[in-house]
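Peer 1: The following file, protein34.txt, comprises compact mmCIF, C-alpha atoms:
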# COMPACT_ATOMS: atom_id res chain seq x y z
CA MET A 8 -72.55 135.30 159.01
CA ALA A 9 -69.83 135.54 156.36
CA GLU A 10 -70.30 137.99 153.51
CA THR A 11 -71.69 136.48 150.33
CA LEU A 12 -69.58 136.65 147.20
CA THR A 13 -71.93 139.32 145.85
CA GLN A 14 -71.44 141.40 148.99
CA ILE A 15 -67.66 140.99 148.74
CA TYR A 16 -67.75 141.98 145.07
CA ASP A 17 -69.90 145.05 145.79
CA ARG A 18 -67.56 146.10 148.60
CA MET A 19 -64.51 145.74 146.37
CA THR A 20 -66.09 147.80 143.61
CA HIS A 21 -67.21 150.43 146.11
CA GLU A 22 -63.65 150.67 147.42
CA GLY A 23 -62.33 151.05 143.89
CA GLY A 24 -60.52 147.72 143.65
CA LEU A 25 -62.81 146.55 140.83
CA LYS A 26 -65.07 148.12 138.26
CA GLN A 27 -68.71 147.08 138.64
CA ASP A 28 -69.84 144.87 135.76
CA ALA A 29 -73.38 143.54 135.58
CA ALA A 30 -72.41 140.37 133.68
CA GLN A 31 -69.75 139.48 136.25
CA ARG A 32 -72.08 140.20 139.16
CA ALA A 33 -74.83 138.04 137.64
CA LEU A 34 -72.61 134.94 137.93
CA LEU A 35 -71.81 135.32 141.62
CA PRO A 36 -74.97 133.52 142.85
CA ASP A 37 -73.87 130.40 140.92
CA LEU A 38 -70.49 130.50 142.63
CA GLN A 39 -72.10 131.27 145.98
CA ARG A 40 -74.27 128.15 145.65
CA ILE A 41 -71.16 126.01 145.19
CA ARG A 42 -69.39 127.77 148.07
CA GLU A 43 -72.28 127.16 150.44
CA GLY A 44 -72.61 123.51 149.41
CA LEU A 45 -68.93 122.83 150.00
CA GLU A 46 -68.82 124.67 153.31
CA ALA A 47 -71.89 122.80 154.50
CA GLY A 48 -70.01 119.55 153.96
CA ASN A 49 -72.06 118.35 150.99
CA GLY A 50 -70.37 115.81 148.75
CA ARG A 51 -67.99 113.12 149.94
CA LYS A 52 -68.37 111.84 153.46
CA LYS A 53 -65.17 110.49 154.86
CA GLY A 54 -65.00 108.24 157.84
CA LEU A 55 -63.30 105.16 159.15
CA LEU A 56 -63.80 102.39 156.59
CA GLY A 57 -66.24 104.67 154.77
CA GLY A 58 -64.27 104.46 151.58
CA LEU A 59 -64.45 100.66 151.66
CA PHE A 60 -68.15 100.11 152.14
CA ALA A 61 -70.01 103.31 151.30
CA LYS A 62 -70.83 104.49 147.81
CA PRO A 63 -69.24 107.93 147.42
CA ALA A 64 -71.77 110.72 147.68
CA GLU A 65 -72.23 112.99 144.70
CA GLY A 66 -70.30 116.23 145.09
CA VAL A 67 -71.66 119.72 144.77
CA LYS A 68 -72.48 120.44 141.14
CA GLY A 69 -69.71 122.58 139.69
CA LEU A 70 -69.49 125.34 137.10
CA TYR A 71 -68.02 125.77 133.60
CA LEU A 72 -67.56 129.50 133.03
CA TRP A 73 -66.69 130.48 129.48
CA GLY A 74 -66.30 133.65 127.52
CA GLY A 75 -63.81 135.82 125.65
CA VAL A 76 -60.48 137.00 126.95
CA GLY A 77 -60.60 139.94 129.32
CA ARG A 78 -64.13 139.40 130.57
CA GLY A 79 -63.11 138.83 134.18
CA LYS A 80 -63.30 135.03 134.39
CA SER A 81 -60.03 134.66 136.29
CA MET A 82 -60.98 137.46 138.66
CA LEU A 83 -64.26 135.72 139.50
CA MET A 84 -62.39 132.46 140.03
CA ASP A 85 -59.94 134.21 142.37
CA LEU A 86 -62.79 135.73 144.35
CA PHE A 87 -64.63 132.42 144.62
CA HIS A 88 -61.69 130.16 145.43
CA ALA A 89 -60.19 132.48 148.03
CA ASN A 90 -63.49 132.64 149.92
CA VAL A 91 -64.42 128.95 150.05
CA ALA A 92 -63.70 128.06 153.68
CA ILE A 93 -62.47 124.51 153.21
CA GLU A 94 -58.91 123.21 153.24
CA ALA A 95 -59.27 120.44 150.66
CA LYS A 96 -59.19 122.70 147.63
CA ARG A 97 -56.75 123.55 144.87
CA ARG A 98 -56.52 126.24 142.19
CA VAL A 99 -54.37 125.24 139.20
CA HIS A 100 -53.99 125.96 135.49
CA PHE A 101 -55.58 123.13 133.52
CA HIS A 102 -52.46 122.50 131.42
CA ALA A 103 -50.31 122.19 134.54
CA PHE A 104 -52.81 119.79 136.11
CA MET A 105 -52.86 117.53 133.07
CA GLN A 106 -49.06 117.45 132.97
CA GLU A 107 -49.08 116.27 136.59
CA VAL A 108 -51.69 113.64 135.72
CA GLN A 109 -49.65 112.34 132.79
CA ALA A 110 -46.56 112.08 135.03
CA ALA A 111 -48.59 110.22 137.69
CA LEU A 112 -49.98 107.84 135.05
CA HIS A 113 -46.43 107.09 133.90
CA GLU A 114 -45.45 106.17 137.45
CA ALA A 115 -48.61 104.10 137.99
CA ARG A 116 -47.96 102.06 134.84
CA LYS A 117 -44.55 101.09 136.21
CA THR A 118 -46.34 99.17 138.98
CA GLY A 119 -48.07 96.96 136.44
CA VAL A 120 -51.65 97.98 137.31
CA ASP A 121 -54.31 97.13 134.74
CA ASP A 122 -55.95 100.56 134.99
CA ALA A 123 -53.47 103.36 135.70
CA ILE A 124 -56.15 106.06 135.74
CA ARG A 125 -57.91 104.65 138.81
CA PRO A 126 -55.10 105.06 141.38
CA VAL A 127 -54.30 108.52 140.00
CA ALA A 128 -57.94 109.64 140.31
CA GLU A 129 -58.21 108.12 143.79
CA ALA A 130 -55.10 109.94 144.97
CA ILE A 131 -56.49 113.26 143.74
CA ALA A 132 -59.93 112.63 145.24
CA ASP A 133 -58.45 111.60 148.60
CA ASP A 134 -56.90 115.04 148.97
CA LEU A 135 -59.44 117.37 147.40
CA ARG A 136 -63.09 118.33 147.45
CA LEU A 137 -62.71 121.33 145.15
CA LEU A 138 -60.65 121.68 141.97
CA SER A 139 -60.62 125.17 140.47
CA PHE A 140 -59.16 125.24 136.96
CA ASP A 141 -57.96 128.17 134.91
CA GLU A 142 -58.62 127.84 131.19
CA MET A 143 -59.79 124.34 130.43
CA GLN A 144 -58.75 123.45 126.92
CA ILE A 145 -57.47 120.30 125.29
CA THR A 146 -54.71 120.47 122.68
CA ASP A 147 -52.93 117.16 123.23
CA ILE A 148 -54.34 113.81 122.11
CA ALA A 149 -52.85 112.08 125.14
CA ASP A 150 -54.95 114.33 127.39
CA ALA A 151 -58.01 113.99 125.17
CA MET A 152 -57.96 110.21 125.51
CA ILE A 153 -57.97 110.15 129.32
CA VAL A 154 -59.99 113.15 130.55
CA GLY A 155 -63.35 111.41 130.22
CA ARG A 156 -62.57 108.50 132.54
CA LEU A 157 -60.40 110.62 134.84
CA PHE A 158 -63.11 113.20 135.47
CA GLN A 159 -65.85 110.58 135.72
CA MET A 160 -63.89 109.01 138.57
CA LEU A 161 -63.29 112.38 140.24
CA PHE A 162 -66.98 113.30 140.01
CA ASP A 163 -68.01 109.87 141.31
CA ARG A 164 -65.77 110.43 144.33
CA GLY A 165 -67.42 113.73 145.17
CA VAL A 166 -64.87 116.17 143.76
CA THR A 167 -66.41 119.47 142.69
CA VAL A 168 -64.93 121.16 139.62
CA VAL A 169 -65.13 124.85 138.77
CA THR A 170 -63.37 125.89 135.58
CA THR A 171 -62.95 128.79 133.22
CA SER A 172 -62.49 128.47 129.48
CA ASN A 173 -62.32 130.66 126.41
CA ARG A 174 -64.43 128.08 124.59
CA VAL A 175 -67.94 126.71 124.88
CA PRO A 176 -67.72 122.98 125.79
CA ASP A 177 -68.72 121.88 122.28
CA ASP A 178 -65.61 123.59 120.89
CA LEU A 179 -63.12 121.80 123.15
CA TYR A 180 -60.54 119.78 121.19
CA LYS A 181 -62.20 121.05 118.02
CA ASP A 182 -60.82 119.31 114.91
CA GLY A 183 -58.60 117.18 117.15
CA LEU A 184 -57.38 113.73 116.16
CA ASN A 185 -59.90 111.00 117.01
CA ARG A 186 -62.25 113.66 118.39
CA GLN A 187 -65.19 111.23 118.40
CA LEU A 188 -63.52 109.44 121.32
CA PHE A 189 -63.46 112.75 123.20
CA LEU A 190 -67.14 113.63 122.76
CA PRO A 191 -68.36 111.69 125.85
CA PHE A 192 -66.23 114.04 127.98
CA ILE A 193 -68.18 117.01 126.62
CA GLY A 194 -71.41 115.26 127.58
CA LEU A 195 -70.00 114.58 131.04
CA LEU A 196 -69.16 118.27 131.52
CA LYS A 197 -72.67 119.29 130.51
CA ASP A 198 -74.15 116.75 132.92
CA ARG A 199 -71.97 117.46 135.96
CA LEU A 200 -71.33 121.21 135.62
CA ASP A 201 -73.59 124.18 135.10
CA ILE A 202 -72.52 125.87 131.86
CA ARG A 203 -72.50 129.66 132.04
CA GLU A 204 -71.27 132.28 129.60
CA ILE A 205 -69.95 135.61 130.81
CA GLU A 206 -71.23 138.15 128.31
CA SER A 207 -69.51 141.27 129.53
CA GLU A 208 -69.90 144.40 127.45
CA THR A 209 -66.36 145.29 128.42
CA ASP A 210 -63.36 143.30 127.28
CA TYR A 211 -60.90 144.68 129.80
CA ARG A 212 -57.81 143.33 128.12
CA GLN A 213 -58.72 144.70 124.70
CA HIS A 214 -59.88 147.97 126.25
CA ARG A 215 -56.44 148.49 127.78
CA LEU A 216 -54.85 148.05 124.35
CA GLU A 217 -57.22 150.12 122.23
CA GLY A 218 -55.18 152.76 120.49
CA ALA A 219 -52.10 151.81 122.51
CA GLN A 220 -48.68 151.22 121.00
CA VAL A 221 -48.00 147.48 120.71
CA TYR A 222 -44.85 147.41 118.53
CA PHE A 223 -41.71 148.92 120.07
CA THR A 224 -38.48 149.62 118.22
CA PRO A 225 -35.60 149.60 118.74
CA ALA A 226 -35.50 146.81 121.29
CA GLY A 227 -33.67 147.95 124.39
CA ALA A 228 -34.18 149.27 127.89
CA LYS A 229 -36.95 151.71 126.91
CA ALA A 230 -38.88 149.07 124.99
CA GLU A 231 -38.38 146.54 127.80
CA ALA A 232 -39.81 149.00 130.33
CA ALA A 233 -42.84 149.57 128.09
CA LEU A 234 -43.46 145.83 127.71
CA SER A 235 -43.13 145.31 131.46
CA LYS A 236 -45.72 148.01 132.07
CA ILE A 237 -48.14 146.38 129.62
CA TRP A 238 -47.54 142.99 131.26
CA MET A 239 -48.45 144.44 134.65
CA GLU A 240 -51.57 146.12 133.26
CA LEU A 241 -52.83 143.01 131.46
CA THR A 242 -52.14 140.55 134.28
CA GLY A 243 -52.86 142.81 137.24
CA GLY A 244 -49.41 141.96 138.51
CA GLY A 245 -50.17 138.25 138.27
CA GLY A 246 -47.52 135.71 139.09
CA ASP A 247 -44.98 134.85 136.42
CA ALA A 248 -45.68 131.13 136.08
CA GLU A 249 -44.42 128.96 133.25
CA LEU A 250 -46.85 127.47 130.78
CA ARG A 251 -45.67 124.16 129.35
CA LEU A 252 -47.49 122.82 126.32
CA THR A 253 -46.98 119.21 125.29
CA VAL A 254 -47.04 118.75 121.51
CA LYS A 255 -46.30 115.35 119.99
CA GLY A 256 -44.15 114.44 122.94
CA ARG A 257 -42.23 117.74 122.92
CA GLU A 258 -42.56 120.56 125.42
CA VAL A 259 -43.06 124.16 124.34
CA VAL A 260 -42.28 126.48 127.24
CA LEU A 261 -43.65 130.00 127.65
CA PRO A 262 -41.57 131.41 130.54
CA ASP A 263 -44.19 133.83 131.90
CA TYR A 264 -47.93 133.22 131.81
CA HIS A 265 -51.02 134.50 133.59
CA ALA A 266 -54.71 134.36 132.68
CA GLY A 267 -54.35 134.06 128.92
CA VAL A 268 -51.38 136.43 128.61
CA ALA A 269 -47.92 135.01 127.86
CA ARG A 270 -44.51 136.63 127.72
CA ALA A 271 -41.45 135.18 125.97
CA SER A 272 -38.35 136.22 124.05
CA PHE A 273 -37.77 135.68 120.33
CA TRP A 274 -35.15 133.06 121.24
CA ASP A 275 -37.52 131.21 123.59
CA LEU A 276 -39.85 130.50 120.68
CA CYS A 277 -37.70 130.76 117.55
CA GLY A 278 -34.29 129.69 118.83
CA ARG A 279 -35.46 126.14 119.47
CA PRO A 280 -36.36 123.50 116.83
CA LEU A 281 -40.10 124.08 116.92
CA GLY A 282 -42.54 123.66 114.05
CA PRO A 283 -46.07 124.55 112.90
CA ALA A 284 -47.81 122.22 115.39
CA ASP A 285 -45.93 123.85 118.28
CA TYR A 286 -46.85 127.35 117.21
CA LEU A 287 -50.47 126.36 116.62
CA ALA A 288 -50.52 125.06 120.20
CA VAL A 289 -49.19 128.41 121.42
CA ALA A 290 -51.81 130.28 119.41
CA GLY A 291 -54.52 128.04 120.85
CA ALA A 292 -53.34 128.45 124.43
CA VAL A 293 -52.89 132.24 124.69
CA ARG A 294 -54.89 135.25 123.62
CA VAL A 295 -52.14 137.84 124.11
CA LEU A 296 -48.43 137.23 123.47
CA ILE A 297 -45.72 139.67 124.52
CA LEU A 298 -42.67 138.81 122.39
CA ARG A 299 -39.36 140.43 123.30
CA ASP A 300 -36.24 141.22 121.29
CA ILE A 301 -36.99 140.28 117.68
CA PRO A 302 -33.60 140.73 115.93
CA HIS A 303 -32.65 141.66 112.39
CA LEU A 304 -33.08 138.56 110.24
CA SER A 305 -30.72 137.30 107.55
CA ALA A 306 -28.87 134.27 106.23
CA GLU A 307 -27.01 134.13 109.55
CA ASN A 308 -30.17 133.25 111.45
CA TYR A 309 -32.16 131.76 108.56
CA ASN A 310 -33.64 128.86 110.57
CA GLU A 311 -34.78 131.22 113.33
CA ALA A 312 -36.25 133.54 110.69
CA LYS A 313 -38.24 130.68 109.13
CA ARG A 314 -39.60 129.75 112.54
CA PHE A 315 -40.54 133.36 113.19
CA VAL A 316 -42.53 133.45 109.93
CA THR A 317 -44.34 130.27 110.98
CA LEU A 318 -45.01 131.68 114.45
CA ILE A 319 -46.51 134.88 113.05
CA ASP A 320 -48.70 132.88 110.66
CA ALA A 321 -50.06 130.83 113.59
CA LEU A 322 -50.68 133.92 115.73
CA TYR A 323 -52.33 135.69 112.80
CA GLU A 324 -54.66 132.81 111.99
CA GLY A 325 -55.46 132.39 115.68
CA LYS A 326 -56.28 136.10 116.11
CA VAL A 327 -53.78 136.34 118.97
CA ARG A 328 -52.96 139.87 120.12
CA LEU A 329 -49.21 140.42 119.62
CA ILE A 330 -47.19 142.97 121.56
CA CYS A 331 -43.48 143.03 120.79
CA SER A 332 -40.13 144.75 120.74
CA ALA A 333 -37.95 144.46 117.65
CA ALA A 334 -34.67 145.68 116.23
CA ASP A 335 -36.45 147.59 113.46
CA GLN A 336 -39.76 148.29 111.77
CA PRO A 337 -41.41 145.19 110.22
CA GLU A 338 -40.39 146.07 106.66
CA ARG A 339 -36.75 146.47 107.68
CA LEU A 340 -36.36 143.33 109.78
CA TYR A 341 -35.41 141.07 106.85
CA VAL A 342 -34.11 143.05 103.87
CA GLU A 343 -31.62 140.74 102.16
CA GLY A 344 -30.82 137.11 101.64
CA ALA A 345 -32.86 133.98 100.96
CA GLY A 346 -36.33 134.35 102.34
CA SER A 347 -36.41 138.15 102.40
CA PHE A 348 -38.97 138.34 99.57
CA GLU A 349 -41.29 135.85 101.31
CA PHE A 350 -40.96 137.90 104.50
CA GLU A 351 -42.94 140.73 102.92
CA ARG A 352 -46.16 138.90 103.82
CA THR A 353 -44.97 138.52 107.42
CA ALA A 354 -44.14 142.22 107.59
CA SER A 355 -47.60 143.03 106.27
CA ARG A 356 -49.18 140.81 108.91
CA LEU A 357 -47.08 142.40 111.65
CA ARG A 358 -48.44 145.78 110.53
CA GLU A 359 -52.04 144.54 110.47
CA MET A 360 -51.68 142.99 113.91
CA GLN A 361 -50.82 146.41 115.35
CA GLY A 362 -54.36 147.64 114.63
CA ALA A 363 -56.54 148.60 117.57
CA ASP A 364 -59.26 146.17 116.43
CA TRP A 365 -56.94 143.21 115.96
CA GLY A 366 -58.06 140.03 117.69
CA LYS A 367 -61.65 141.11 118.24
Output the structure of this file as structure tokens.
Peer 2:
Amino acid sequence: MAETLTQIYDRMTHEGGLKQDAAQRALLPDLQRIREGLEAGNGRKKGLLGGLFAKPAEGVKGLYLWGGVGRGKSMLMDLFHANVAIEAKRRVHFHAFMQEVQAALHEARKTGVDDAIRPVAEAIADDLRLLSFDEMQITDIADAMIVGRLFQMLFDRGVTVVTTSNRVPDDLYKDGLNRQLFLPFIGLLKDRLDIREIESETDYRQHRLEGAQVYFTPAGAKAEAALSKIWMELTGGGGDAELRLTVKGREVVLPDYHAGVARASFWDLCGRPLGPADYLAVAGAVRVLILRDIPHLSAENYNEAKRFVTLIDALYEGKVRLICSAADQPERLYVEGAGSFEFERTASRLREMQGADWGK
């Protein structure tokens, strides 16, 4: 008989690969239930002509796992997904999945179908019995308007969903445009997924940063090496995947992303014509941002400097943990020219954001 997820977890902690955490361990039976149901073949039953005449069976009830950054949600998802012995499964970041869905909807509409969501949902359900999502959150109105019907169709076709999120379901798309149209999706999640909070006493990501240097100057090889080390510690060596956020039809690209931690250069975020909505989307999507190579600011890069001020405001209001390298100390980044006086508030915020308790 295969090891249970709890047995695998205990073995990994015994071997030193993980630190035992009671709150993490308490959630493993929920994931084990889903694993066993999927491996037993519960859910959709495929067969010749079955899709034509048989009502799709209800899939295994999934899980919505939420809690603060650094609690171990992604680790639990990794452990679960890797040990579900079925082939029809996929692990994907929620943002990336929704971008694929929007692209598929665009193609479906070209065919003139009355309901573009249906063929897209059917194509997904034909290939998968398990969808494991990292970080379910909704920031784009285009996504908010389709997720309800899309996921209803996936659930009705026996697809099981397991997802992590930094937010309780009721806070998804909070204050979003036309949010009342989104509320049925929250009800659907509560009906079709077990909602569990991970209440770990240890926030591993914050613990790694407590008392640690998070502002490095001057920018250069030494600072770059320090940022790379922090990236490895916070992501566990996780893959450097892009995170693309769609904001009012534009794409904001964070070149490196893993489990709530993003890494980008000053020019990635401030060298492009981005505005407050873009930076608010970034602040909503990440909990830790590693920002490289902030230059001296002046009239020569005034537009970039204005964007940087807006970015810091968004990160500050969003309580995002900022780790960065810069050409100089905050107070000496912008010392002359139009905008230098207003930058004093930004410098003050940069100082405050270096505190060990920031973001808690």
Peer 1: Which value, in Å to one decimal, gives the distance between atom CA of A:Ala290 and atom CA of A:Leu196?
Peer 2: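 Computing it gives 24.3 Å between the two atoms.
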Peer 1: Neighbours of A:Arg98 within 7 Å (all atoms listed in the file; same-chain residues fewer than 6 positions away dropped), as a ChimeraX atom specification?
Peer 2: /A:138-140
Peer 1: Taking into account only C-alpha atoms, which residue in the set A:Leu241, A:Ile153, A:Ala306, A:Ala321 is nearest to A:Tyr341?
Peer 2: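 Nearest to A:Tyr341: A:Ala306.
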Peer 1: With distances taken over all atoms listed in the file, which of A:Gly74, A:Leu86, A:Ala92, A:Leu318 is nearest to A:Gly44?
Peer 2: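 Closest to A:Gly44, using all atoms listed in the file: A:Ala92.
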Peer 1: For the atom pair atom CA of A:Val169 and atom CA of A:Leu70, what is the interatomic distance in Å to one decimal place?
Peer 2: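 For atom CA of A:Val169 relative to atom CA of A:Leu70, the distance reads 4.7 Å.
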Peer 1: Write out as a PyMOL selection string the residues lying within 12 Å of A:Leu188, counting all atoms listed in the file and excluding same-chain residues fewer than 5 positions away.
Peer 2: chain A and resi 148-156+180+183+193-194
Peer 1: With distances taken over all atoms listed in the file, which residue among A:Leu250, A:Arg294, A:Arg358, A:Thr13 lies nearest A:Glu338?
Peer 2: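 Under the stated criterion, the closest residue is A:Arg358.
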Peer 1: May I ask for the distance between atom CA of A:Ile330 and atom CA of A:His102, given in Å to one decimal place?
Peer 2: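 Separation between atom CA of A:Ile330 and atom CA of A:His102: 23.3 Å.
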Peer 1: My list of candidates is A:Arg40, A:Arg78, A:Lys255, A:Arg270. Which is closest to A:Ser235 when distances are computed with only C-alpha atoms?
Peer 2: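 With only C-alpha atoms as the atom set, the closest residue is A:Arg270.
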Peer 1: Would you please work out which residue, of A:Gly267, A:Pro36, A:Pro283, A:Gly79, is nearest to A:Thr11 when using all atoms listed in the file?
Peer 2: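 Of all the options, A:Pro36 lies closest to A:Thr11.
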Peer 1: Produce the centre coordinates and the three edge lengths, each in Å to one decimal, of the box along x, y and z that contains all listed atoms of stretch 166-170 of chain A with 6 Å added on each side, as JSON.
Peer 2:
{"center_x": -64.9, "center_y": 121.0, "center_z": 139.7, "size_x": 15.0, "size_y": 21.7, "size_z": 20.2}
Peer 1: Which neighbours of A:Asp275 fall inside 12 Å, counting all atoms listed in the file, when residues of the same chain fewer than 3 positions from it are skipped, and could you give them as a PDB file with C-alpha atoms, in the frame of the given file?
Peer 2:
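What ended up in around16.pdb:
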ATOM      1  CA  GLU A 258     -42.560 120.560 125.420  1.00  0.00           C
ATOM      2  CA  VAL A 259     -43.060 124.160 124.340  1.00  0.00           C
ATOM      3  CA  VAL A 260     -42.280 126.480 127.240  1.00  0.00           C
ATOM      4  CA  LEU A 261     -43.650 130.000 127.650  1.00  0.00           C
ATOM      5  CA  PRO A 262     -41.570 131.410 130.540  1.00  0.00           C
ATOM      6  CA  ASP A 263     -44.190 133.830 131.900  1.00  0.00           C
ATOM      7  CA  ALA A 269     -47.920 135.010 127.860  1.00  0.00           C
ATOM      8  CA  ARG A 270     -44.510 136.630 127.720  1.00  0.00           C
ATOM      9  CA  ALA A 271     -41.450 135.180 125.970  1.00  0.00           C
ATOM     10  CA  SER A 272     -38.350 136.220 124.050  1.00  0.00           C
ATOM     11  CA  GLY A 278     -34.290 129.690 118.830  1.00  0.00           C
ATOM     12  CA  ARG A 279     -35.460 126.140 119.470  1.00  0.00           C
ATOM     13  CA  PRO A 280     -36.360 123.500 116.830  1.00  0.00           C
ATOM     14  CA  LEU A 281     -40.100 124.080 116.920  1.00  0.00           C
ATOM     15  CA  TYR A 286     -46.850 127.350 117.210  1.00  0.00           C
ATOM     16  CA  ILE A 297     -45.720 139.670 124.520  1.00  0.00           C
ATOM     17  CA  LEU A 298     -42.670 138.810 122.390  1.00  0.00           C
ATOM     18  CA  ARG A 299     -39.360 140.430 123.300  1.00  0.00           C
ATOM     19  CA  ASP A 300     -36.240 141.220 121.290  1.00  0.00           C
ATOM     20  CA  ILE A 301     -36.990 140.280 117.680  1.00  0.00           C
ATOM     21  CA  GLU A 311     -34.780 131.220 113.330  1.00  0.00           C
ATOM     22  CA  ARG A 314     -39.600 129.750 112.540  1.00  0.00           C
ATOM     23  CA  PHE A 315     -40.540 133.360 113.190  1.00  0.00           C
ATOM     24  CA  LEU A 318     -45.010 131.680 114.450  1.00  0.00           C
TER      25      LEU A 318
END
Peer 1: Measuring between only C-alpha atoms, which one of A:Glu359, A:Asp28, A:Glu307, A:Glu204 shows the shortest distance to A:Val175?
Peer 2: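 Going through A:Glu359, A:Asp28, A:Glu307, A:Glu204 one by one, the smallest distance to A:Val175 is for A:Glu204.
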Peer 1: Could you list, as a ChimeraX atom specification, every residue within 7 Å of A:Pro337, counting only C-alpha atoms and ignoring same-chain residues fewer than 3 positions away?
Peer 2: /A:340,354,357
Peer 1: Residues at most 10 Å from A:Gly346, counting only C-alpha atoms, excluding those fewer than 5 positions away in the same chain, as a ChimeraX atom specification?
Peer 2: /A:304-306,309,312-313,316,341,351
